[in-house]
>>> print(open('upload.txt').read())   # compact mmCIF, C-alpha atoms
# COMPACT_ATOMS: atom_id res chain seq x y z
CA MET I 1 0.00 0.00 0.00
CA LEU I 2 2.70 2.39 0.88
CA SER I 3 4.41 1.43 -2.33
CA ARG I 4 1.36 2.32 -4.41
CA LEU I 5 1.14 5.69 -2.70
CA VAL I 6 4.77 6.41 -3.52
CA LEU I 7 4.40 5.22 -7.09
CA ARG I 8 1.44 7.51 -7.60
CA ALA I 9 2.93 10.51 -5.79
CA ALA I 10 6.24 10.61 -7.60
CA PRO I 11 5.26 11.81 -11.09
CA ALA I 12 2.93 14.50 -9.74
CA ALA I 13 5.58 15.76 -7.40
CA LEU I 14 8.17 15.85 -10.15
CA ARG I 15 5.91 17.83 -12.43
CA ALA I 16 5.00 20.23 -9.66
CA LEU I 17 8.59 21.09 -8.72
CA PRO I 18 9.78 24.24 -10.53
CA PRO I 19 13.37 24.08 -11.91
CA PRO I 20 14.99 27.03 -10.04
CA VAL I 21 14.28 25.44 -6.70
CA ALA I 22 15.95 22.24 -7.83
CA VAL I 23 18.97 24.25 -9.03
CA GLY I 24 19.06 26.28 -5.88
CA VAL I 25 18.98 23.14 -3.80
CA LEU I 26 22.07 21.83 -5.56
CA HIS I 27 25.21 22.47 -3.56
CA THR I 28 26.94 23.66 -6.70
CA THR I 29 25.93 26.87 -8.40
CA ARG I 30 26.89 26.05 -11.95
CA THR I 31 24.61 27.08 -14.72
CA LEU I 32 25.76 25.21 -17.74
CA HIS I 33 24.24 25.44 -21.14
CA THR I 34 21.54 27.85 -20.11
CA THR I 35 22.12 30.03 -23.19
CA GLN I 36 23.04 29.27 -26.78
CA GLN I 37 26.59 30.47 -26.33
CA SER I 38 28.83 28.14 -24.41
CA LEU I 39 30.85 29.62 -21.61
CA ALA I 40 34.49 30.10 -22.38
CA PRO I 41 36.74 29.68 -20.59
CA VAL I 42 34.90 26.92 -18.85
CA PRO I 43 34.45 27.99 -15.24
CA PRO I 44 36.45 26.01 -12.74
CA LEU I 45 35.16 22.65 -11.62
CA PRO I 46 33.76 22.62 -8.10
CA GLU I 47 36.04 21.33 -5.39
CA LYS I 48 33.62 18.73 -4.10
CA GLY I 49 30.95 16.71 -5.77
CA GLY I 50 27.32 16.85 -4.81
CA GLU I 51 26.44 15.87 -1.24
CA VAL I 52 25.55 12.23 -0.78
CA ARG I 53 24.10 10.37 2.15
CA HIS I 54 25.33 6.88 3.02
CA GLY I 55 27.63 7.09 0.02
CA LEU I 56 24.82 6.24 -2.38
CA ILE I 57 21.81 8.46 -2.23
CA PRO I 58 22.10 12.10 -3.22
CA GLU I 59 20.94 14.71 -0.75
CA GLU I 60 18.54 16.11 -3.29
CA PHE I 61 16.34 13.06 -2.88
CA PHE I 62 15.94 13.70 0.83
CA GLN I 63 15.24 17.37 0.20
CA PHE I 64 12.80 16.41 -2.47
CA LEU I 65 10.75 14.25 -0.10
CA TYR I 66 11.10 16.51 2.94
CA PRO I 67 8.06 18.76 2.27
CA LYS I 68 5.66 15.84 2.03
CA THR I 69 7.10 13.24 4.38
CA GLY I 70 9.43 15.03 6.78
CA VAL I 71 12.81 13.76 7.86
CA THR I 72 11.99 10.06 8.18
CA GLY I 73 10.25 9.83 4.84
CA PRO I 74 13.08 8.59 2.64
CA TYR I 75 14.17 6.09 5.31
CA MET I 76 10.70 4.65 5.58
CA LEU I 77 10.57 4.46 1.82
CA GLY I 78 13.90 2.70 1.72
CA THR I 79 13.06 0.23 4.44
CA GLY I 80 9.69 -0.52 2.96
CA LEU I 81 11.14 -1.04 -0.48
CA LEU I 82 13.80 -3.36 0.86
CA LEU I 83 11.30 -5.47 2.83
CA TYR I 84 9.03 -5.65 -0.15
CA LEU I 85 11.81 -6.89 -2.37
CA LEU I 86 12.87 -9.47 0.19
CA SER I 87 9.45 -10.70 1.22
CA LYS I 88 8.08 -10.98 -2.27
CA GLU I 89 11.34 -12.63 -3.31
CA ILE I 90 11.84 -10.14 -6.09
CA TYR I 91 15.42 -10.19 -4.84
CA VAL I 92 16.40 -13.76 -3.99
CA VAL I 93 18.92 -14.34 -1.21
CA ASN I 94 21.49 -16.86 -2.39
CA HIS I 95 25.20 -17.60 -2.00
CA GLU I 96 26.08 -14.57 -4.01
CA THR I 97 24.38 -12.38 -1.47
CA ALA I 98 26.78 -13.61 1.20
CA ALA I 99 29.73 -13.09 -1.09
CA ALA I 100 28.51 -9.60 -1.96
CA ALA I 101 28.00 -8.75 1.68
CA CYS I 102 31.57 -9.81 2.59
CA ILE I 103 33.18 -8.13 -0.38
CA LEU I 104 31.24 -4.94 0.12
CA THR I 105 32.18 -4.84 3.78
CA VAL I 106 35.83 -5.17 2.97
CA ILE I 107 35.66 -2.57 0.24
CA VAL I 108 33.84 -0.07 2.39
CA TYR I 109 36.30 -0.65 5.23
CA ALA I 110 39.29 -0.18 2.88
CA ILE I 111 37.95 3.00 1.40
CA LYS I 112 37.08 4.44 4.74
CA LYS I 113 40.54 3.68 6.07
CA PHE I 114 42.82 4.45 3.12
CA GLY I 115 40.66 6.78 1.08
CA PRO I 116 41.88 10.10 2.41
CA ASP I 117 45.54 9.10 2.15
CA VAL I 118 45.20 8.03 -1.44
CA ALA I 119 43.30 11.19 -2.23
CA ALA I 120 45.99 13.31 -0.65
CA PHE I 121 48.67 11.49 -2.62
CA ALA I 122 46.85 12.03 -5.90
CA ASP I 123 46.31 15.66 -5.01
CA LYS I 124 49.99 16.05 -4.27
CA LEU I 125 50.93 14.67 -7.69
CA ASN I 126 48.62 17.13 -9.32
CA GLU I 127 49.93 19.94 -7.18
CA GLU I 128 53.47 19.19 -8.24
CA LYS I 129 52.51 19.31 -11.89
CA MET I 130 50.74 22.59 -11.38
CA ALA I 131 53.66 23.98 -9.43
CA THR I 132 56.18 23.15 -12.15
CA ALA I 133 53.93 24.64 -14.80
CA LEU I 134 53.43 27.76 -12.74
CA ALA I 135 57.13 28.07 -12.01
CA MET I 136 57.90 27.83 -15.71
CA LYS I 137 55.34 30.50 -16.49
CA ASN I 138 56.69 32.81 -13.80
CA GLU I 139 60.21 32.28 -14.99
CA ALA I 140 59.18 33.12 -18.54
CA VAL I 141 57.44 36.28 -17.36
CA GLN I 142 60.48 37.27 -15.32
CA SER I 143 62.92 36.69 -18.15
CA LEU I 144 60.76 38.68 -20.53
CA GLN I 145 60.64 41.59 -18.13
CA THR I 146 64.38 41.58 -17.59
CA ALA I 147 64.87 41.36 -21.36
CA ILE I 148 62.69 44.42 -21.83
CA GLU I 149 64.60 46.31 -19.18
CA ASP I 150 67.92 45.32 -20.69
CA GLU I 151 66.85 46.51 -24.09
CA LYS I 152 65.79 49.85 -22.63
CA LYS I 153 69.11 50.11 -20.84
CA GLU I 154 71.00 49.39 -24.03
CA GLN I 155 69.06 52.11 -25.77
CA TRP I 156 69.98 54.53 -23.02
CA ARG I 157 73.58 53.48 -23.33
CA ALA I 158 73.63 54.04 -27.03
CA GLU I 159 72.47 57.58 -26.47
CA GLY I 160 75.72 58.33 -24.69
CA ARG I 161 77.80 58.01 -27.82
CA SER I 162 78.19 61.79 -28.11
CA TYR I 163 80.46 61.65 -25.06
CA LEU I 164 82.78 59.34 -26.90
CA PHE I 165 83.15 61.62 -29.88
CA ASP I 166 83.56 64.71 -27.74
CA ALA I 167 86.35 62.97 -25.87
CA LYS I 168 88.01 61.96 -29.12
CA ARG I 169 87.84 65.44 -30.54
CA ASN I 170 89.18 66.82 -27.28
CA ASN I 171 92.08 64.43 -27.52
CA VAL I 172 92.88 65.53 -31.03
CA ALA I 173 92.63 69.22 -30.16
CA MET I 174 94.79 68.77 -27.10
CA LEU I 175 97.37 66.90 -29.09
CA LEU I 176 97.52 69.62 -31.74
CA GLU I 177 97.76 72.36 -29.15
CA ALA I 178 100.46 70.55 -27.22
CA ASN I 179 102.40 70.03 -30.42
CA TYR I 180 102.15 73.68 -31.35
CA ARG I 181 103.29 74.84 -27.98
CA GLU I 182 106.16 72.42 -28.05
CA ARG I 183 107.28 73.83 -31.36
CA LEU I 184 107.18 77.40 -30.06
CA LEU I 185 109.14 76.35 -27.04
CA MET I 186 111.68 74.58 -29.17
CA VAL I 187 112.25 77.67 -31.30
CA TYR I 188 112.71 79.82 -28.26
CA ASN I 189 115.09 77.36 -26.67
CA GLU I 190 117.24 77.04 -29.75
CA VAL I 191 117.56 80.78 -30.25
CA LYS I 192 118.30 81.33 -26.61
CA LYS I 193 120.89 78.57 -26.65
CA ARG I 194 122.73 80.16 -29.53
CA LEU I 195 122.69 83.63 -28.02
CA ASP I 196 123.77 82.31 -24.66
CA TYR I 197 126.54 80.44 -26.37
CA GLN I 198 127.81 83.61 -27.92
CA VAL I 199 127.69 85.44 -24.61
CA ALA I 200 129.35 82.55 -22.83
CA MET I 201 132.04 82.36 -25.46
CA GLN I 202 132.75 86.01 -25.09
CA THR I 203 132.97 85.92 -21.33
CA LEU I 204 135.19 82.89 -21.49
CA LYS I 205 137.50 84.55 -23.97
CA ARG I 206 137.73 87.69 -21.87
CA GLN I 207 138.44 85.68 -18.77
CA LYS I 208 141.13 83.70 -20.48
CA GLU I 209 142.72 86.88 -21.79
CA GLN I 210 142.67 88.40 -18.34
CA ASP I 211 144.20 85.38 -16.74
CA HIS I 212 146.84 85.14 -19.37
CA MET I 213 147.71 88.78 -19.03
CA ILE I 214 147.97 88.56 -15.25
CA GLN I 215 150.18 85.55 -15.50
CA TRP I 216 152.35 87.17 -18.11
CA VAL I 217 152.72 90.29 -16.02
CA GLU I 218 153.62 88.28 -12.96
CA ARG I 219 156.12 86.20 -14.84
CA ASN I 220 157.78 89.21 -16.31
CA VAL I 221 157.96 90.92 -12.97
CA VAL I 222 159.55 87.91 -11.38
CA GLN I 223 162.00 87.62 -14.23
CA SER I 224 162.89 91.22 -14.01
CA ILE I 225 164.01 90.89 -10.44
CA THR I 226 167.85 90.65 -11.08
CA PRO I 227 170.15 89.02 -8.55
CA GLN I 228 171.49 92.48 -7.66
CA GLN I 229 168.02 93.70 -6.84
CA GLN I 230 167.32 90.53 -4.88
CA LYS I 231 170.41 91.05 -2.68
CA GLU I 232 169.51 94.69 -2.14
CA SER I 233 165.91 93.86 -1.22
CA ILE I 234 167.00 91.10 1.16
CA ALA I 235 169.47 93.49 2.87
CA LYS I 236 166.74 96.08 3.16
CA CYS I 237 164.40 93.55 4.65
CA ILE I 238 167.01 92.55 7.23
CA LEU I 239 167.56 96.19 8.18
CA ASP I 240 163.84 96.69 8.48
CA LEU I 241 163.53 93.62 10.64
CA LYS I 242 166.33 94.84 12.90
CA ALA I 243 164.66 98.18 13.23
CA LEU I 244 161.39 96.52 14.00
CA SER I 245 162.92 94.23 16.56
CA LYS I 246 164.66 97.22 18.19
CA SER I 247 161.38 99.03 18.41
CA ALA I 248 159.75 95.88 19.72
CA HIS I 249 162.43 95.46 22.38
CA ALA I 250 161.95 99.03 23.24
CA ALA I 251 158.23 98.60 23.54
CA VAL I 252 158.63 95.62 25.78
CA MET M 1 97.74 83.30 -32.75
CA ALA M 2 94.08 83.14 -31.91
CA GLY M 3 91.59 80.87 -33.59
CA ARG M 4 94.04 78.03 -33.95
CA ARG M 5 92.44 75.90 -31.36
CA ALA M 6 88.86 74.71 -31.15
CA ALA M 7 87.69 75.19 -27.62
CA LEU M 8 87.84 71.96 -25.63
CA LYS M 9 84.38 70.70 -24.86
CA ALA M 10 83.95 69.66 -21.27
CA VAL M 11 83.33 65.93 -21.10
CA ASP M 12 81.39 64.63 -18.13
CA TRP M 13 83.47 61.55 -17.46
CA ALA M 14 81.22 60.31 -14.66
CA ALA M 15 78.14 60.26 -16.87
CA PHE M 16 80.20 58.79 -19.68
CA ALA M 17 81.47 56.03 -17.44
CA GLU M 18 77.92 55.14 -16.46
CA ARG M 19 76.93 54.51 -20.03
CA VAL M 20 79.82 52.26 -20.91
CA PRO M 21 78.73 48.61 -21.17
CA PRO M 22 80.90 46.20 -19.20
CA ASN M 23 82.42 44.55 -22.24
CA GLN M 24 83.87 47.87 -23.41
CA ARG M 25 85.32 48.92 -20.10
CA ALA M 26 88.89 48.28 -21.20
CA MET M 27 88.57 50.55 -24.22
CA PHE M 28 87.01 53.24 -22.10
CA ASN M 29 89.83 53.05 -19.58
CA ALA M 30 92.40 53.30 -22.36
CA LEU M 31 90.65 56.37 -23.75
CA LYS M 32 90.52 57.98 -20.36
CA THR M 33 94.18 57.36 -19.61
CA ARG M 34 95.11 58.80 -23.00
CA ASN M 35 92.99 61.84 -22.31
CA ASP M 36 94.50 62.29 -18.88
CA ALA M 37 98.03 61.97 -20.26
CA LEU M 38 97.33 64.57 -22.92
CA THR M 39 95.75 66.93 -20.42
CA ALA M 40 98.77 66.64 -18.16
CA ARG M 41 101.15 67.23 -21.05
CA LEU M 42 99.19 70.26 -22.18
CA ALA M 43 99.04 71.67 -18.69
CA ALA M 44 102.79 71.31 -18.28
CA LEU M 45 103.51 73.43 -21.33
CA PRO M 46 103.28 77.20 -21.05
CA GLU M 47 100.98 78.89 -23.49
CA LYS M 48 103.67 81.24 -24.76
CA PRO M 49 107.40 80.84 -24.39
CA PRO M 50 109.03 83.60 -22.35
CA ALA M 51 110.20 86.68 -24.25
CA ILE M 52 113.85 86.91 -25.21
CA ASP M 53 115.65 89.90 -23.65
CA TRP M 54 117.08 91.46 -26.80
CA ALA M 55 118.50 94.51 -25.04
CA PHE M 56 120.76 92.35 -22.83
CA TYR M 57 122.04 90.39 -25.77
CA LYS M 58 122.56 93.47 -27.84
CA ALA M 59 124.68 94.93 -25.06
CA ASN M 60 126.69 91.79 -24.43
CA VAL M 61 127.26 90.01 -27.69
CA ALA M 62 130.30 91.48 -29.42
CA LYS M 63 129.65 90.14 -32.87
CA ALA M 64 128.17 92.94 -34.78
CA GLY M 65 124.76 92.55 -36.19
CA MET M 66 124.32 89.01 -34.96
CA VAL M 67 121.76 89.92 -32.36
CA ASP M 68 119.92 92.16 -34.78
CA GLU M 69 119.87 89.45 -37.37
CA PHE M 70 118.57 86.96 -34.87
CA GLN M 71 115.93 89.34 -33.66
CA LYS M 72 114.75 90.05 -37.16
CA LYS M 73 114.57 86.42 -38.10
CA PHE M 74 112.95 85.46 -34.82
CA SER M 75 110.09 87.91 -35.11
CA ALA M 76 109.63 87.03 -38.74
CA LEU M 77 109.46 83.33 -37.97
CA LYS M 78 106.02 81.76 -38.12
CA VAL M 79 105.74 78.43 -36.47
CA PRO M 80 103.38 76.32 -38.54
CA GLU M 81 100.38 75.05 -36.72
CA PRO M 82 99.99 71.29 -36.82
CA VAL M 83 97.48 70.23 -39.41
CA ASP M 84 94.30 68.64 -38.16
CA THR M 85 93.77 65.44 -40.12
CA GLN M 86 91.61 63.52 -37.70
CA THR M 87 88.67 65.71 -36.85
CA ALA M 88 87.07 65.12 -40.22
CA LYS M 89 87.41 61.41 -39.75
CA ILE M 90 85.94 61.64 -36.31
CA ASP M 91 82.97 63.57 -37.61
CA ALA M 92 82.43 60.99 -40.30
CA GLN M 93 82.60 58.26 -37.69
CA GLU M 94 80.09 60.09 -35.59
CA LYS M 95 77.63 60.34 -38.44
CA GLU M 96 78.00 56.68 -39.17
CA THR M 97 77.47 55.66 -35.59
CA ALA M 98 74.44 57.93 -35.43
CA LYS M 99 72.97 55.97 -38.29
CA SER M 100 73.83 52.55 -36.95
CA THR M 101 72.60 53.56 -33.51
CA ALA M 102 69.30 54.62 -34.98
CA GLU M 103 69.02 51.24 -36.67
CA TYR M 104 69.93 49.43 -33.51
CA ILE M 105 67.36 51.39 -31.54
CA GLN M 106 64.74 50.52 -34.15
CA ALA M 107 65.53 46.84 -33.89
CA SER M 108 65.60 47.11 -30.12
CA LYS M 109 62.16 48.72 -30.10
CA ALA M 110 60.83 45.94 -32.32
CA ARG M 111 62.25 43.39 -29.91
CA ILE M 112 60.68 45.21 -26.99
CA ALA M 113 57.31 45.18 -28.75
CA GLN M 114 57.66 41.47 -29.32
CA TYR M 115 58.54 40.83 -25.71
CA GLU M 116 55.65 42.97 -24.55
CA GLN M 117 53.31 40.97 -26.72
CA GLU M 118 54.50 37.68 -25.30
CA LEU M 119 54.31 39.10 -21.81
CA GLN M 120 50.75 40.14 -22.44
CA LYS M 121 49.87 36.70 -23.72
CA LEU M 122 51.40 35.05 -20.67
CA LYS M 123 49.73 37.41 -18.26
CA SER M 124 46.27 37.00 -19.77
CA MET M 125 46.51 33.23 -19.77
CA ILE M 126 43.86 31.30 -17.84
CA PRO M 127 45.25 29.73 -14.70
CA PHE M 128 46.57 26.20 -15.07
CA GLU M 129 43.97 24.83 -12.67
CA GLN M 130 41.21 25.67 -15.12
CA MET M 131 42.95 24.49 -18.26
CA THR M 132 42.25 21.43 -20.31
CA TYR M 133 44.91 19.82 -22.46
CA GLU M 134 43.41 21.56 -25.47
CA ASP M 135 43.74 24.92 -23.76
CA LEU M 136 47.33 24.10 -22.90
CA SER M 137 48.15 23.32 -26.53
CA GLU M 138 46.62 26.64 -27.51
CA ALA M 139 48.56 28.65 -24.98
CA PHE M 140 51.87 26.84 -25.55
CA PRO M 141 51.88 25.51 -29.09
CA GLU M 142 55.11 23.65 -28.46
CA THR M 143 53.29 21.21 -26.19
CA LYS M 144 50.86 20.22 -28.91
CA LEU M 145 51.04 16.51 -29.61
CA ASN M 146 51.76 15.68 -33.23
CA LYS M 147 49.14 13.07 -33.99
CA GLU M 148 49.96 12.88 -37.70
CA LYS M 149 53.63 12.16 -37.34
CA TYR M 150 53.28 9.88 -34.35
CA PRO M 151 49.86 8.25 -34.55
CA TYR M 152 50.46 6.03 -31.54
CA TRP M 153 50.75 7.08 -27.94
CA PRO M 154 52.72 8.94 -26.65
CA HIS M 155 52.46 11.00 -29.85
CA LYS M 156 56.02 12.24 -29.64
CA SER M 157 59.40 10.66 -30.15
CA ILE M 158 60.51 8.38 -27.32
CA ALA M 159 63.60 10.49 -26.80
CA ASP M 160 61.44 13.45 -25.82
CA LEU M 161 59.74 11.68 -22.95
>>> encode(input="upload.txt", output="structure tokens")
Amino acid sequence: MLSRLVLRAAPAALRALPPPVAVGVLHTTRTLHTTQQSLAPVPPLPEKGGEVRHGLIPEEFFQFLYPKTGVTGPYMLGTGLLLYLLSKEIYVVNHETAAAACILTVIVYAIKKFGPDVAAFADKLNEEKMATALAMKNEAVQSLQTAIEDEKKEQWRAEGRSYLFDAKRNNVAMLLEANYRERLLMVYNEVKKRLDYQVAMQTLKRQKEQDHMIQWVERNVVQSITPQQQKESIAKCILDLKALSKSAHAAV
Amino acid sequence: MAGRRAALKAVDWAAFAERVPPNQRAMFNALKTRNDALTARLAALPEKPPAIDWAFYKANVAKAGMVDEFQKKFSALKVPEPVDTQTAKIDAQEKETAKSTAEYIQASKARIAQYEQELQKLKSMIPFEQMTYEDLSEAFPETKLNKEKYPYWPHKSIADL
């Protein structure tokens, strides 16, 4: 009886439910293919899938039945359905049921125990891939920016070429000027050297003449002192000395 | 004696040094040392040689007429100014470098435009988390798998794996 009620209620309920409410009830807020144009780029996939109760039944089903049957509705439906299937032997319990029960238990236990770890591992793999891709992209962006800056710097450098040519021209001008001055100086020095030479020659000649004359005069004077004169001068000196000594004795 | 020398243009060596790229440092240093040597040499030379004291020599040199002759010849002597052969060459060089610099700057600007374009493309890319493999091949054409040349997985030569 309950089953007939459910079987009759379902289509009416489905027809009565307006679409926005169903969409709003969804835990995701994607609106795909609502217009002719497709969305590009495709918006990011949601982090989690739709909510599910007991791993099998989507939450929407419970929300769907809540207005009419309250919180226990879907459970009653489920229990009733199960009992109906069993009692009417629509589902026959045989050896495979036992096998299924054991296998399912083990599987559920394994997933509950190791599920999160495996999920984390898979996520880590993906993260690494993303990280390498992102690093490559950042590196490319960085290198492009530095390349642009370098180019600008090179342009700025090239603008400084006028300094180089100014310096070169300065060098040339300085060289010419230095050369010219050196020439002037050389002329002056040469002329002065010659004139000084003349003056020096003259002074030297005069000096030599003077010396020679003095020597000649001296020599002649010495020669002219005859022996007679020498004796006379010596005698005179002796007399003078005697006189001096007398006066000295007298003074003492 | 005026007008023989073009006035020396003041060169801002500090600003010049800034603009020298590192691979041309040696040449710049050589130029600077040359310039400094020339400046020192020029500074050491007096602008005019001292005047010769003709009166003294006239009084003291006995040879007649020698001093007068010297004086006459000395004042009549014109020291030739050194001929400037290089400035024209330098000017020609400057014009040429102006041209080549303009070309270089053109090419540089083109390169900058290219880089800017690529930068723009990279910056406006969708984040990797939202990409599919198709989007990746669009953004980075080098990652596109060549299904015609290598029809079997992995669609690229084994060496590239």
>>> closest_atom_pairs(input="upload.txt", of="chain M", to="chain I", cutoff="6 Å", atoms="only C-alpha atoms", output="Markdown table")
| residue | atom | partner | partner_atom | distance |
| --- | --- | --- | --- | --- |
| M:Leu8 | CA | I:Asn170 | CA | 5.6 |
| M:Arg19 | CA | I:Arg157 | CA | 4.8 |
| M:Asn35 | CA | I:Asn171 | CA | 5.9 |
| M:Leu42 | CA | I:Ala178 | CA | 5.2 |
| M:Pro49 | CA | I:Leu185 | CA | 5.5 |
| M:Val61 | CA | I:Val199 | CA | 5.5 |
| M:Glu81 | CA | I:Tyr180 | CA | 5.8 |
| M:Pro82 | CA | I:Leu176 | CA | 5.9 |
| M:Ile112 | CA | I:Ile148 | CA | 5.6 |
| M:Gln130 | CA | I:Pro44 | CA | 5.3 |
>>> atom_distance(input="upload.txt", atom1="CA of Phe114 in chain I", atom2="CA of Ala99 in chain I")
22.3 Å
>>> atom_distance(input="upload.txt", atom1="CA of Pro227 in chain I", atom2="CA of Leu241 in chain I")
20.8 Å
>>> axis_aligned_box(input="upload.txt", around="range 59-71 of chain M", padding_each_side="8 Å", output="AutoDock Vina command-line options")
--center_x 123.1 --center_y 90.9 --center_z -30.9 --size_x 30.4 --size_y 24.0 --size_z 28.9
>>> decode(input="upload.txt", residues="range 69-93 of chain M", atoms="C-alpha atoms", output="compact mmCIF listing (two decimals), in the first residue's frame")
# COMPACT_ATOMS: atom_id res chain seq x y z
CA GLU M 69 119.87 89.45 -37.37
CA PHE M 70 118.57 86.96 -34.87
CA GLN M 71 115.93 89.34 -33.66
CA LYS M 72 114.75 90.05 -37.16
CA LYS M 73 114.57 86.42 -38.10
CA PHE M 74 112.95 85.46 -34.82
CA SER M 75 110.09 87.91 -35.11
CA ALA M 76 109.63 87.03 -38.74
CA LEU M 77 109.46 83.33 -37.97
CA LYS M 78 106.02 81.76 -38.12
CA VAL M 79 105.74 78.43 -36.47
CA PRO M 80 103.38 76.32 -38.54
CA GLU M 81 100.38 75.05 -36.72
CA PRO M 82 99.99 71.29 -36.82
CA VAL M 83 97.48 70.23 -39.41
CA ASP M 84 94.30 68.64 -38.16
CA THR M 85 93.77 65.44 -40.12
CA GLN M 86 91.61 63.52 -37.70
CA THR M 87 88.67 65.71 -36.85
CA ALA M 88 87.07 65.12 -40.22
CA LYS M 89 87.41 61.41 -39.75
CA ILE M 90 85.94 61.64 -36.31
CA ASP M 91 82.97 63.57 -37.61
CA ALA M 92 82.43 60.99 -40.30
CA GLN M 93 82.60 58.26 -37.69
